>>> print(open('protein_7.tsv').read())   # TSV, C-alpha atoms
chain	number	residue	atom	x	y	z
A	1	MET	CA	-182.34	67.37	-305.26
A	2	LYS	CA	-180.99	69.42	-302.39
A	3	LYS	CA	-177.85	67.89	-300.97
A	4	LEU	CA	-177.42	67.48	-297.23
A	5	ILE	CA	-174.28	68.75	-295.58
A	6	TYR	CA	-172.33	66.17	-293.65
A	7	SER	CA	-169.25	66.28	-291.48
A	8	ALA	CA	-167.59	63.56	-293.49
A	9	VAL	CA	-167.29	62.27	-297.03
A	10	ILE	CA	-165.64	59.08	-298.23
A	11	GLY	CA	-163.47	57.55	-295.58
A	12	LEU	CA	-163.00	60.60	-293.37
A	13	ALA	CA	-161.32	58.51	-290.73
A	14	VAL	CA	-160.79	61.13	-288.07
A	15	CYS	CA	-158.64	59.53	-285.44
A	16	ALA	CA	-158.46	62.47	-283.02
A	17	THR	CA	-155.54	62.88	-280.67
A	18	GLY	CA	-155.57	59.30	-279.41
A	19	CYS	CA	-154.98	57.95	-282.90
A	20	LYS	CA	-151.95	59.95	-283.97
A	21	LYS	CA	-149.29	57.45	-283.03
A	22	GLU	CA	-149.35	54.53	-285.43
A	23	ALA	CA	-147.05	51.62	-286.00
A	24	ALA	CA	-145.86	51.68	-289.60
A	25	HIS	CA	-145.46	48.44	-291.53
A	26	GLU	CA	-143.21	47.67	-294.42
A	27	ASN	CA	-145.70	48.67	-297.09
A	28	GLY	CA	-146.61	51.90	-295.35
A	29	ILE	CA	-150.00	50.81	-294.04
A	30	PRO	CA	-150.32	51.63	-290.33
A	31	ASP	CA	-151.99	48.96	-288.26
A	32	GLN	CA	-152.47	50.07	-284.68
A	33	SER	CA	-152.73	53.26	-282.66
A	34	ALA	CA	-152.56	53.99	-278.96
A	35	LYS	CA	-156.34	54.39	-278.81
A	36	THR	CA	-158.10	52.37	-276.12
A	37	GLN	CA	-161.79	51.80	-275.73
A	38	GLY	CA	-162.79	52.32	-272.14
A	39	ILE	CA	-161.79	52.38	-268.49
A	40	GLY	CA	-159.80	49.29	-267.66
A	41	ASP	CA	-159.29	48.41	-271.33
A	42	THR	CA	-155.64	47.78	-272.20
A	43	LEU	CA	-156.26	46.74	-275.82
A	44	THR	CA	-155.38	49.01	-278.72
A	45	TYR	CA	-157.53	50.06	-281.65
A	46	SER	CA	-156.48	48.32	-284.86
A	47	LYS	CA	-157.21	49.35	-288.42
A	48	ASN	CA	-159.84	47.10	-289.93
A	49	LEU	CA	-162.27	46.73	-292.82
A	50	VAL	CA	-165.34	48.02	-290.97
A	51	PHE	CA	-164.79	51.25	-289.03
A	52	SER	CA	-162.27	53.96	-288.23
A	53	ALA	CA	-161.34	55.02	-284.71
A	54	ALA	CA	-163.92	57.78	-285.00
A	55	GLY	CA	-166.51	55.25	-286.10
A	56	LEU	CA	-165.71	53.02	-283.15
A	57	ASN	CA	-166.16	55.98	-280.82
A	58	LYS	CA	-169.55	56.69	-282.39
A	59	ILE	CA	-170.73	53.11	-281.79
A	60	SER	CA	-169.54	53.28	-278.20
A	61	THR	CA	-171.29	56.59	-277.67
A	62	ASP	CA	-174.52	55.20	-279.11
A	63	LEU	CA	-174.24	52.11	-276.92
A	64	ALA	CA	-173.74	54.20	-273.78
A	65	GLY	CA	-176.51	56.72	-274.50
A	66	THR	CA	-180.11	56.98	-275.57
A	67	ASN	CA	-179.47	54.82	-278.65
A	68	GLN	CA	-178.43	51.81	-276.58
A	69	VAL	CA	-181.49	49.76	-277.50
A	70	GLN	CA	-180.84	50.36	-281.20
A	71	ILE	CA	-177.25	49.10	-280.91
A	72	GLN	CA	-178.41	46.10	-278.95
A	73	LYS	CA	-180.84	45.24	-281.75
A	74	LEU	CA	-178.19	45.65	-284.46
A	75	ILE	CA	-175.18	44.11	-282.74
A	76	THR	CA	-175.52	42.88	-279.16
A	77	ASN	CA	-178.52	40.57	-279.50
A	78	THR	CA	-177.06	38.84	-282.55
A	79	ALA	CA	-173.66	38.48	-280.89
A	80	TYR	CA	-175.11	37.10	-277.69
A	81	ALA	CA	-177.21	34.54	-279.56
A	82	ALA	CA	-174.17	33.51	-281.60
A	83	LEU	CA	-172.25	32.57	-278.45
A	84	THR	CA	-174.16	29.30	-278.17
A	85	LYS	CA	-174.32	28.39	-281.86
A	86	THR	CA	-172.13	25.72	-283.39
A	87	THR	CA	-170.32	26.72	-286.57
A	88	ASN	CA	-171.87	25.13	-289.64
A	89	THR	CA	-169.11	24.89	-292.23
A	90	THR	CA	-171.34	23.47	-294.97
A	91	ALA	CA	-172.91	26.85	-295.76
A	92	VAL	CA	-172.24	30.38	-294.56
A	93	GLY	CA	-175.83	31.60	-294.46
A	94	THR	CA	-176.21	34.20	-291.71
A	95	GLN	CA	-172.97	33.20	-290.00
A	96	GLY	CA	-170.98	35.98	-291.64
A	97	THR	CA	-173.19	38.60	-290.02
A	98	GLU	CA	-173.17	36.75	-286.73
A	99	LEU	CA	-169.40	36.51	-286.73
A	100	LYS	CA	-169.08	40.20	-287.50
A	101	CYS	CA	-171.46	41.01	-284.65
A	102	LEU	CA	-169.32	38.93	-282.29
A	103	ALA	CA	-166.28	40.95	-283.33
A	104	LEU	CA	-168.18	44.23	-283.09
A	105	GLN	CA	-169.57	43.41	-279.65
A	106	TRP	CA	-166.08	42.64	-278.42
A	107	ALA	CA	-164.80	45.90	-279.94
A	108	VAL	CA	-167.47	48.12	-278.39
A	109	SER	CA	-167.78	46.46	-274.99
A	110	PRO	CA	-166.68	48.91	-272.26
A	111	GLY	CA	-163.37	47.44	-271.21
A	112	ARG	CA	-162.79	44.88	-273.96
A	113	ASP	CA	-160.55	42.91	-271.64
A	114	THR	CA	-163.75	41.79	-269.89
A	115	ALA	CA	-165.48	40.83	-273.15
A	116	SER	CA	-163.20	37.95	-274.05
A	117	LYS	CA	-166.09	35.53	-274.58
A	118	TYR	CA	-167.01	37.33	-277.81
A	119	LEU	CA	-163.41	37.34	-278.99
A	120	ASP	CA	-162.98	33.67	-278.12
A	121	LYS	CA	-166.15	32.64	-279.93
A	122	ALA	CA	-165.22	34.62	-283.03
A	123	LYS	CA	-161.78	32.98	-283.00
A	124	THR	CA	-163.34	29.52	-282.65
A	125	ASN	CA	-165.66	30.12	-285.59
A	126	LEU	CA	-162.82	31.37	-287.76
A	127	LEU	CA	-160.70	28.34	-286.91
A	128	ALA	CA	-163.59	26.06	-287.87
A	129	TRP	CA	-163.74	27.62	-291.32
A	130	ALA	CA	-159.97	27.65	-291.70
A	131	ALA	CA	-159.85	23.92	-291.00
A	132	VAL	CA	-162.14	22.89	-293.84
A	133	ASN	CA	-162.77	25.67	-296.35
A	134	THR	CA	-161.31	25.67	-299.83
A	135	PRO	CA	-162.13	28.55	-302.20
A	136	SER	CA	-164.51	27.74	-305.03
A	137	SER	CA	-164.47	28.95	-308.61
A	138	SER	CA	-167.70	30.90	-308.07
A	139	THR	CA	-166.86	34.29	-306.62
A	140	PRO	CA	-170.56	35.14	-306.10
A	141	THR	CA	-170.68	32.10	-303.82
A	142	GLU	CA	-167.46	33.12	-302.07
A	143	ALA	CA	-168.84	36.61	-301.48
A	144	ALA	CA	-170.50	35.17	-298.37
A	145	PHE	CA	-167.04	35.15	-296.77
A	146	ILE	CA	-166.60	38.91	-297.05
A	147	GLU	CA	-168.26	39.54	-293.69
A	148	ILE	CA	-166.21	36.74	-292.15
A	149	PHE	CA	-163.02	38.42	-293.37
A	150	GLU	CA	-164.30	41.74	-292.07
A	151	ALA	CA	-164.87	40.19	-288.65
A	152	TYR	CA	-161.34	38.81	-288.62
A	153	SER	CA	-159.92	42.22	-289.49
A	154	ILE	CA	-161.46	43.61	-286.29
A	155	ILE	CA	-160.01	41.01	-283.94
A	156	ARG	CA	-156.86	39.77	-285.68
A	157	ALA	CA	-154.40	41.82	-283.63
A	158	ASN	CA	-155.76	40.20	-280.48
A	159	VAL	CA	-156.01	36.59	-281.68
A	160	PRO	CA	-153.35	34.30	-280.12
A	161	ASP	CA	-150.40	33.71	-282.43
A	162	ALA	CA	-151.05	30.00	-283.04
A	163	SER	CA	-154.65	30.63	-284.07
A	164	LYS	CA	-153.67	33.68	-286.10
A	165	THR	CA	-151.14	31.61	-288.06
A	166	THR	CA	-153.82	29.05	-288.93
A	167	ILE	CA	-156.41	31.63	-289.99
A	168	ASP	CA	-153.86	33.66	-291.92
A	169	ALA	CA	-152.83	30.55	-293.84
A	170	TRP	CA	-156.45	29.99	-294.86
A	171	LEU	CA	-156.75	33.56	-296.14
A	172	LYS	CA	-153.43	33.29	-297.94
A	173	LYS	CA	-154.57	30.06	-299.61
A	174	THR	CA	-157.76	31.77	-300.73
A	175	ALA	CA	-155.86	34.74	-302.14
A	176	ASN	CA	-153.38	32.52	-303.96
A	177	TYR	CA	-156.24	30.61	-305.56
A	178	TYR	CA	-157.81	33.77	-306.96
A	179	ILE	CA	-154.49	35.16	-308.13
A	180	THR	CA	-153.46	31.91	-309.80
A	181	ASN	CA	-156.82	31.69	-311.58
A	182	ALA	CA	-157.11	35.41	-312.31
A	183	SER	CA	-157.55	35.00	-316.07
A	184	GLY	CA	-160.81	33.13	-315.54
A	185	TYR	CA	-162.28	36.21	-313.89
A	186	THR	CA	-160.68	39.08	-315.80
A	187	SER	CA	-162.03	37.59	-319.01
A	188	ARG	CA	-165.60	37.77	-317.67
A	189	LYS	CA	-165.38	41.55	-317.08
A	190	ASN	CA	-168.44	41.51	-314.80
A	191	ASN	CA	-169.31	41.20	-311.12
A	192	TRP	CA	-167.39	37.92	-310.84
A	193	GLU	CA	-164.19	39.91	-311.23
A	194	THR	CA	-165.36	42.80	-309.02
A	195	ILE	CA	-166.04	40.26	-306.27
A	196	ARG	CA	-162.57	38.76	-306.76
A	197	LEU	CA	-161.12	42.23	-306.32
A	198	ASN	CA	-163.11	42.72	-303.12
A	199	LEU	CA	-161.86	39.43	-301.69
A	200	LEU	CA	-158.25	40.17	-302.58
A	201	TYR	CA	-158.30	43.74	-301.26
A	202	ASP	CA	-159.70	42.46	-297.98
A	203	ILE	CA	-157.15	39.68	-297.61
A	204	GLY	CA	-154.28	41.88	-298.76
A	205	TYR	CA	-155.04	44.49	-296.11
A	206	ILE	CA	-155.72	41.98	-293.33
A	207	LEU	CA	-152.42	40.19	-293.95
A	208	ASN	CA	-150.54	43.37	-294.89
A	209	ASP	CA	-149.38	41.43	-297.95
A	210	ALA	CA	-147.67	43.61	-300.55
A	211	THR	CA	-147.80	40.91	-303.24
A	212	ILE	CA	-151.57	40.53	-302.98
A	213	LEU	CA	-152.12	44.30	-302.90
A	214	THR	CA	-149.88	44.90	-305.91
A	215	HIS	CA	-151.81	42.31	-307.90
A	216	VAL	CA	-155.26	43.55	-306.94
A	217	LYS	CA	-154.51	47.24	-307.50
A	218	LYS	CA	-153.33	46.51	-311.02
A	219	ALA	CA	-156.36	44.30	-311.64
A	220	TYR	CA	-158.67	47.04	-310.35
A	221	THR	CA	-157.44	49.40	-313.07
A	222	THR	CA	-158.01	46.70	-315.67
A	223	GLN	CA	-161.53	46.11	-314.38
A	224	LEU	CA	-162.44	49.79	-314.61
A	225	ASN	CA	-161.41	49.74	-318.26
A	226	VAL	CA	-163.61	46.80	-319.20
A	227	ASN	CA	-166.45	47.09	-316.67
A	228	LEU	CA	-167.40	50.78	-316.94
A	229	PHE	CA	-169.00	51.88	-320.19
A	230	ALA	CA	-169.87	55.25	-321.70
A	231	GLY	CA	-172.56	57.16	-319.85
A	232	GLY	CA	-171.87	55.33	-316.60
A	233	LYS	CA	-173.32	51.99	-317.65
A	234	THR	CA	-171.61	48.88	-316.31
A	235	GLU	CA	-170.87	45.69	-318.16
A	236	ASP	CA	-173.32	44.02	-315.81
A	237	TYR	CA	-176.09	46.38	-316.88
A	238	VAL	CA	-175.30	46.13	-320.58
A	239	ASN	CA	-174.97	42.34	-320.68
A	240	ARG	CA	-177.86	41.55	-318.32
A	241	ASP	CA	-180.05	44.57	-319.15
A	242	ALA	CA	-180.93	45.00	-315.50
A	243	PHE	CA	-180.34	47.51	-312.73
A	244	ALA	CA	-180.40	44.53	-310.40
A	245	TYR	CA	-176.94	43.64	-311.72
A	246	HIS	CA	-175.71	47.19	-312.18
A	247	ALA	CA	-176.36	47.59	-308.45
A	248	TYR	CA	-174.98	44.19	-307.46
A	249	ASN	CA	-171.69	45.00	-309.17
A	250	LEU	CA	-171.45	48.34	-307.35
A	251	TYR	CA	-172.02	46.57	-304.03
A	252	PHE	CA	-168.50	45.16	-304.23
A	253	TYR	CA	-166.91	48.34	-305.54
A	254	ALA	CA	-168.41	50.03	-302.47
A	255	ARG	CA	-166.69	47.65	-300.08
A	256	VAL	CA	-163.37	48.06	-301.90
A	257	LEU	CA	-163.61	51.84	-301.64
A	258	ARG	CA	-164.26	51.62	-297.91
A	259	ALA	CA	-161.37	49.20	-297.37
A	260	VAL	CA	-158.91	51.44	-299.21
A	261	SER	CA	-160.04	54.49	-297.27
A	262	LEU	CA	-159.86	52.77	-293.90
A	263	TYR	CA	-156.41	51.26	-294.46
A	264	GLU	CA	-154.69	53.87	-296.61
A	265	GLY	CA	-156.50	57.01	-295.60
A	266	PRO	CA	-159.24	59.27	-296.98
A	267	ALA	CA	-157.08	60.73	-299.73
A	268	ALA	CA	-156.40	57.27	-301.17
A	269	GLY	CA	-160.09	56.43	-300.90
A	270	THR	CA	-161.10	59.61	-302.70
A	271	ASP	CA	-158.50	59.05	-305.43
A	272	LEU	CA	-159.80	55.54	-306.07
A	273	LEU	CA	-163.41	56.75	-306.01
A	274	ASN	CA	-162.69	59.31	-308.73
A	275	LYS	CA	-160.29	57.17	-310.75
A	276	THR	CA	-161.31	57.18	-314.43
A	277	ASN	CA	-160.79	54.52	-317.05
A	278	THR	CA	-159.49	54.95	-320.58
A	279	ILE	CA	-162.78	56.49	-321.75
A	280	ASN	CA	-162.94	58.85	-318.76
A	281	VAL	CA	-165.69	57.02	-316.87
A	282	SER	CA	-165.55	56.61	-313.07
A	283	ILE	CA	-167.66	55.02	-310.34
A	284	PRO	CA	-169.51	58.31	-309.65
A	285	ASN	CA	-170.67	58.22	-313.30
A	286	THR	CA	-172.34	54.87	-312.66
A	287	MET	CA	-174.29	56.49	-309.84
A	288	THR	CA	-175.34	59.40	-312.03
A	289	PHE	CA	-176.60	56.98	-314.67
A	290	TRP	CA	-178.55	54.99	-312.09
A	291	GLU	CA	-180.00	57.95	-310.18
A	292	PRO	CA	-183.11	58.83	-312.27
A	293	TYR	CA	-184.25	55.19	-312.37
A	294	MET	CA	-183.71	54.93	-308.66
A	295	LEU	CA	-185.37	58.17	-307.59
A	296	ASP	CA	-188.14	58.55	-310.16
A	297	PRO	CA	-188.99	55.07	-311.44
A	298	ALA	CA	-192.49	56.11	-312.47
A	299	ASN	CA	-191.08	58.41	-315.14
A	300	ASN	CA	-187.98	56.34	-315.87
A	301	ILE	CA	-189.25	52.82	-316.36
A	302	HIS	CA	-186.79	50.07	-317.10
A	303	LEU	CA	-188.05	46.55	-317.78
A	304	GLU	CA	-185.50	44.21	-316.27
A	305	PHE	CA	-183.61	41.51	-318.24
A	306	VAL	CA	-185.56	41.96	-321.50
A	307	ASN	CA	-182.40	42.05	-323.62
A	308	THR	CA	-180.23	39.94	-321.34
A	309	GLY	CA	-177.24	38.10	-322.73
A	310	TRP	CA	-177.83	35.19	-320.38
A	311	ALA	CA	-180.83	33.08	-321.36
A	312	PRO	CA	-181.71	31.77	-317.85
A	313	ASP	CA	-182.60	35.36	-316.87
A	314	LYS	CA	-185.80	34.95	-318.84
A	315	THR	CA	-187.09	32.52	-316.24
A	316	ARG	CA	-186.62	34.97	-313.36
A	317	SER	CA	-189.66	36.25	-311.49
A	318	ASP	CA	-188.60	39.84	-312.23
A	319	TYR	CA	-188.02	39.24	-315.95
A	320	ASN	CA	-189.77	41.91	-318.05
A	321	LYS	CA	-190.92	43.65	-314.85
A	322	PRO	CA	-190.19	47.30	-314.00
A	323	TYR	CA	-187.08	47.84	-311.92
A	324	LYS	CA	-187.97	48.40	-308.26
A	325	PRO	CA	-185.49	50.62	-306.41
A	326	SER	CA	-186.48	49.01	-303.11
A	327	SER	CA	-184.89	45.75	-304.33
A	328	THR	CA	-181.44	47.34	-304.42
A	329	VAL	CA	-181.46	49.36	-301.19
A	330	TYR	CA	-179.04	46.78	-299.75
A	331	VAL	CA	-176.49	48.13	-302.23
A	332	LEU	CA	-177.15	51.72	-301.20
A	333	ASP	CA	-176.48	50.66	-297.61
A	334	GLN	CA	-172.90	49.89	-298.71
A	335	LEU	CA	-172.48	52.85	-301.04
A	336	ALA	CA	-173.42	55.25	-298.24
A	337	TYR	CA	-169.84	55.21	-296.99
A	338	SER	CA	-168.49	56.70	-300.22
A	339	PHE	CA	-171.52	58.67	-301.38
A	340	PRO	CA	-173.17	60.98	-298.80
A	341	GLN	CA	-176.07	61.61	-301.19
A	342	VAL	CA	-177.21	58.04	-300.58
A	343	VAL	CA	-178.76	59.30	-297.34
A	344	ASP	CA	-181.09	61.39	-299.53
A	345	TYR	CA	-181.70	58.45	-301.86
A	346	GLU	CA	-182.77	56.22	-299.01
A	347	LYS	CA	-185.17	58.82	-297.68
A	348	VAL	CA	-186.86	58.85	-301.09
A	349	ILE	CA	-186.93	55.07	-301.55
A	350	VAL	CA	-187.37	53.78	-298.00
A	351	GLY	CA	-189.15	56.76	-296.49
A	352	ALA	CA	-188.41	60.14	-294.96
A	353	THR	CA	-188.53	58.72	-291.44
A	354	THR	CA	-185.81	56.11	-292.04
A	355	THR	CA	-183.00	56.31	-289.53
A	356	ARG	CA	-179.34	55.35	-289.51
A	357	PHE	CA	-180.28	52.29	-287.47
A	358	ARG	CA	-182.39	50.76	-290.26
A	359	THR	CA	-179.84	47.99	-290.97
A	360	LEU	CA	-176.46	47.08	-289.56
A	361	GLU	CA	-174.66	47.87	-292.81
A	362	TYR	CA	-176.35	51.24	-293.25
A	363	TYR	CA	-175.50	52.09	-289.65
A	364	LEU	CA	-171.85	51.14	-290.04
A	365	ASN	CA	-171.49	53.04	-293.31
A	366	THR	CA	-172.98	56.27	-291.96
A	367	LEU	CA	-171.14	56.35	-288.62
A	368	GLU	CA	-169.17	59.47	-289.45
A	369	TYR	CA	-172.06	61.53	-290.75
A	370	ASN	CA	-174.05	63.92	-288.56
A	371	LEU	CA	-177.24	61.87	-288.65
>>> encode(input="protein_7.tsv", output="structure tokens")
Amino acid sequence: MKKLIYSAVIGLAVCATGCKKEAAHENGIPDQSAKTQGIGDTLTYSKNLVFSAAGLNKISTDLAGTNQVQIQKLITNTAYAALTKTTNTTAVGTQGTELKCLALQWAVSPGRDTASKYLDKAKTNLLAWAAVNTPSSSTPTEAAFIEIFEAYSIIRANVPDASKTTIDAWLKKTANYYITNASGYTSRKNNWETIRLNLLYDIGYILNDATILTHVKKAYTTQLNVNLFAGGKTEDYVNRDAFAYHAYNLYFYARVLRAVSLYEGPAAGTDLLNKTNTINVSIPNTMTFWEPYMLDPANNIHLEFVNTGWAPDKTRSDYNKPYKPSSTVYVLDQLAYSFPQVVDYEKVIVGATTTRFRTLEYYLNTLEYNL
């Protein structure tokens, strides 16, 4: 397949001239630059889990131009509706996306100093969760908090100190739980551990916590060694005999790769992307293995879950049914940040007329491409 040429590959966080001055922290991860976001805006751009300074500029440009309606559909409408919703701390549901939209709307509003209602609501929601939430043993369940953490990363530098202390303590408690119980996840070798890594990378970067980051970086290497098999197969594919789980596992690797690139720079992101395990297999190999089933399923049929190692899979509605690439496009939306060829994949699977505004995640992960 002919590859498109893009202006950016994984994590090309071009900060331009306004982003050159950064405040260095003790572990070498810069947090803020002198970049501001509009006339009358005195707030600085802060590194976060969602976009670079260049990405933020792209959103602002879209919002101010002919793509304004598209941005309103993806971000503004959801954020505005969330202003009047009461936080439901019994289940995350769509609240992660809503909270992220609140943070995004605050970040892209011309003159963020005048958009404090979005910041205040996001802070209130975060405090509600911090007051009651305790991490559970099920990392797939806890994955719902990833967007909530991403939202916090956008606004944290501008949250009042008292509230920041409370929210930080919640994140620290969550990280400590998953570090203390690490053996229960490393022994599984599957997506449960990849999700744990995602959660810890996010919290480690948000809190600029060297202890958390040291733990998770070591654990990431261990996971590559036990989760990636010869030929690019993942443990999730081999044990569950399904591309549904091969893809699901990669969903969390994708978010880790983006986080590393945004906080430590494109070189670090590229190094992690291409990092090989002890049998010389890397994340790009898992994409190569998946590609023919994704792009030409008619000639590369895989019946899902037939030889699964988990008996309940045999009661699934997609058991013994051909893998449908459309069911895993949500994963491609995340992988687009690290793999430019995903733009081609989505045109094959979703349709040639698909645009970068198809979903919020796809939009955010293709901000720095010339689309």
>>> closest_atom_pairs(input="protein_7.tsv", of="region 205-248 of chain A", to="region 48-58 of chain A", cutoff="12 Å", atoms="only C-alpha atoms", output="tab-separated table")
residue	atom	partner	partner_atom	distance
A:Tyr205	CA	A:Asn48	CA	8.2
A:Ile206	CA	A:Asn48	CA	7.4
A:Leu207	CA	A:Asn48	CA	10.9
A:Asn208	CA	A:Asn48	CA	11.2
>>> axis_aligned_box(input="protein_7.tsv", around="region 125-137 of chain A", padding_each_side="8 Å", output="AutoDock Vina command-line options")
--center_x -162.8 --center_y 27.1 --center_z -297.1 --size_x 21.8 --size_y 24.5 --size_z 39.0
>>> residues_around(input="protein_7.tsv", residues="Ala259 (chain A)", least_positions_apart="2", cutoff="9 Å", atoms="all atoms listed in the file", output="list of chain:residue names")
A:Gly11, A:Asn48, A:Leu49, A:Val50, A:Asn198, A:Tyr201, A:Asp202, A:Tyr205, A:Ala254, A:Arg255, A:Val256, A:Leu257, A:Ser261, A:Leu262, A:Tyr263, A:Glu264, A:Gly269
>>> write_last_selection(input="protein_7.tsv", atoms="C-alpha atoms", output="CSV table (one decimal), in the coordinates of the input")
chain,number,residue,atom,x,y,z
A,11,GLY,CA,-163.5,57.6,-295.6
A,48,ASN,CA,-159.8,47.1,-289.9
A,49,LEU,CA,-162.3,46.7,-292.8
A,50,VAL,CA,-165.3,48.0,-291.0
A,198,ASN,CA,-163.1,42.7,-303.1
A,201,TYR,CA,-158.3,43.7,-301.3
A,202,ASP,CA,-159.7,42.5,-298.0
A,205,TYR,CA,-155.0,44.5,-296.1
A,254,ALA,CA,-168.4,50.0,-302.5
A,255,ARG,CA,-166.7,47.6,-300.1
A,256,VAL,CA,-163.4,48.1,-301.9
A,257,LEU,CA,-163.6,51.8,-301.6
A,261,SER,CA,-160.0,54.5,-297.3
A,262,LEU,CA,-159.9,52.8,-293.9
A,263,TYR,CA,-156.4,51.3,-294.5
A,264,GLU,CA,-154.7,53.9,-296.6
A,269,GLY,CA,-160.1,56.4,-300.9
>>> atom_distance(input="protein_7.tsv", atom1="CA of Glu235 (chain A)", atom2="CA of Ala182 (chain A)")
18.1 Å
>>> atom_distance(input="protein_7.tsv", atom1="CA of Thr78 (chain A)", atom2="CA of Leu102 (chain A)")
7.7 Å
>>> residues_around(input="protein_7.tsv", residues="region 321-328 of chain A", least_positions_apart="2", cutoff="6 Å", atoms="only C-alpha atoms", output="PDB file with C-alpha atoms, in the coordinates of the input")
ATOM      1  CA  MET A 294    -183.710  54.930-308.660  1.00  0.00           C
ATOM      2  CA  HIS A 302    -186.790  50.070-317.100  1.00  0.00           C
ATOM      3  CA  LEU A 303    -188.050  46.550-317.780  1.00  0.00           C
ATOM      4  CA  GLU A 304    -185.500  44.210-316.270  1.00  0.00           C
ATOM      5  CA  ASP A 318    -188.600  39.840-312.230  1.00  0.00           C
ATOM      6  CA  TYR A 319    -188.020  39.240-315.950  1.00  0.00           C
ATOM      7  CA  TYR A 330    -179.040  46.780-299.750  1.00  0.00           C
ATOM      8  CA  VAL A 331    -176.490  48.130-302.230  1.00  0.00           C
TER       9      VAL A 331
END
>>> closest_residue(input="protein_7.tsv", among="A:Val281, A:Thr308, A:Ala268, A:Leu250", to="Gln334 (chain A)", atoms="all atoms listed in the file")
A:Leu250
>>> closest_residue(input="protein_7.tsv", among="A:Met287, A:Leu171, A:Val343, A:Leu295", to="Asn133 (chain A)", atoms="all atoms listed in the file")
A:Leu171
>>> closest_residue(input="protein_7.tsv", among="A:Ile167, A:Ile154, A:Ala242, A:Ile146", to="Ala131 (chain A)", atoms="only C-alpha atoms")
A:Ile167
>>> atom_distance(input="protein_7.tsv", atom1="CA of Thr286 (chain A)", atom2="CA of Glu193 (chain A)")
17.1 Å
>>> residues_around(input="protein_7.tsv", residues="Trp310 (chain A)", least_positions_apart="4", cutoff="9 Å", atoms="all atoms listed in the file", output="PDB file with C-alpha atoms, keeping the file's coordinate frame")
ATOM      1  CA  ASN A 239    -174.970  42.340-320.680  1.00  0.00           C
ATOM      2  CA  ARG A 240    -177.860  41.550-318.320  1.00  0.00           C
ATOM      3  CA  PHE A 305    -183.610  41.510-318.240  1.00  0.00           C
ATOM      4  CA  LYS A 314    -185.800  34.950-318.840  1.00  0.00           C
TER       5      LYS A 314
END
>>> closest_residue(input="protein_7.tsv", among="A:Thr166, A:Asn320, A:Asn365, A:Lys173", to="Ile301 (chain A)", atoms="only C-alpha atoms")
A:Asn320
>>> residues_around(input="protein_7.tsv", residues="Leu332 (chain A)", least_positions_apart="6", cutoff="12 Å", atoms="only C-alpha atoms", output="count of residues only")
34
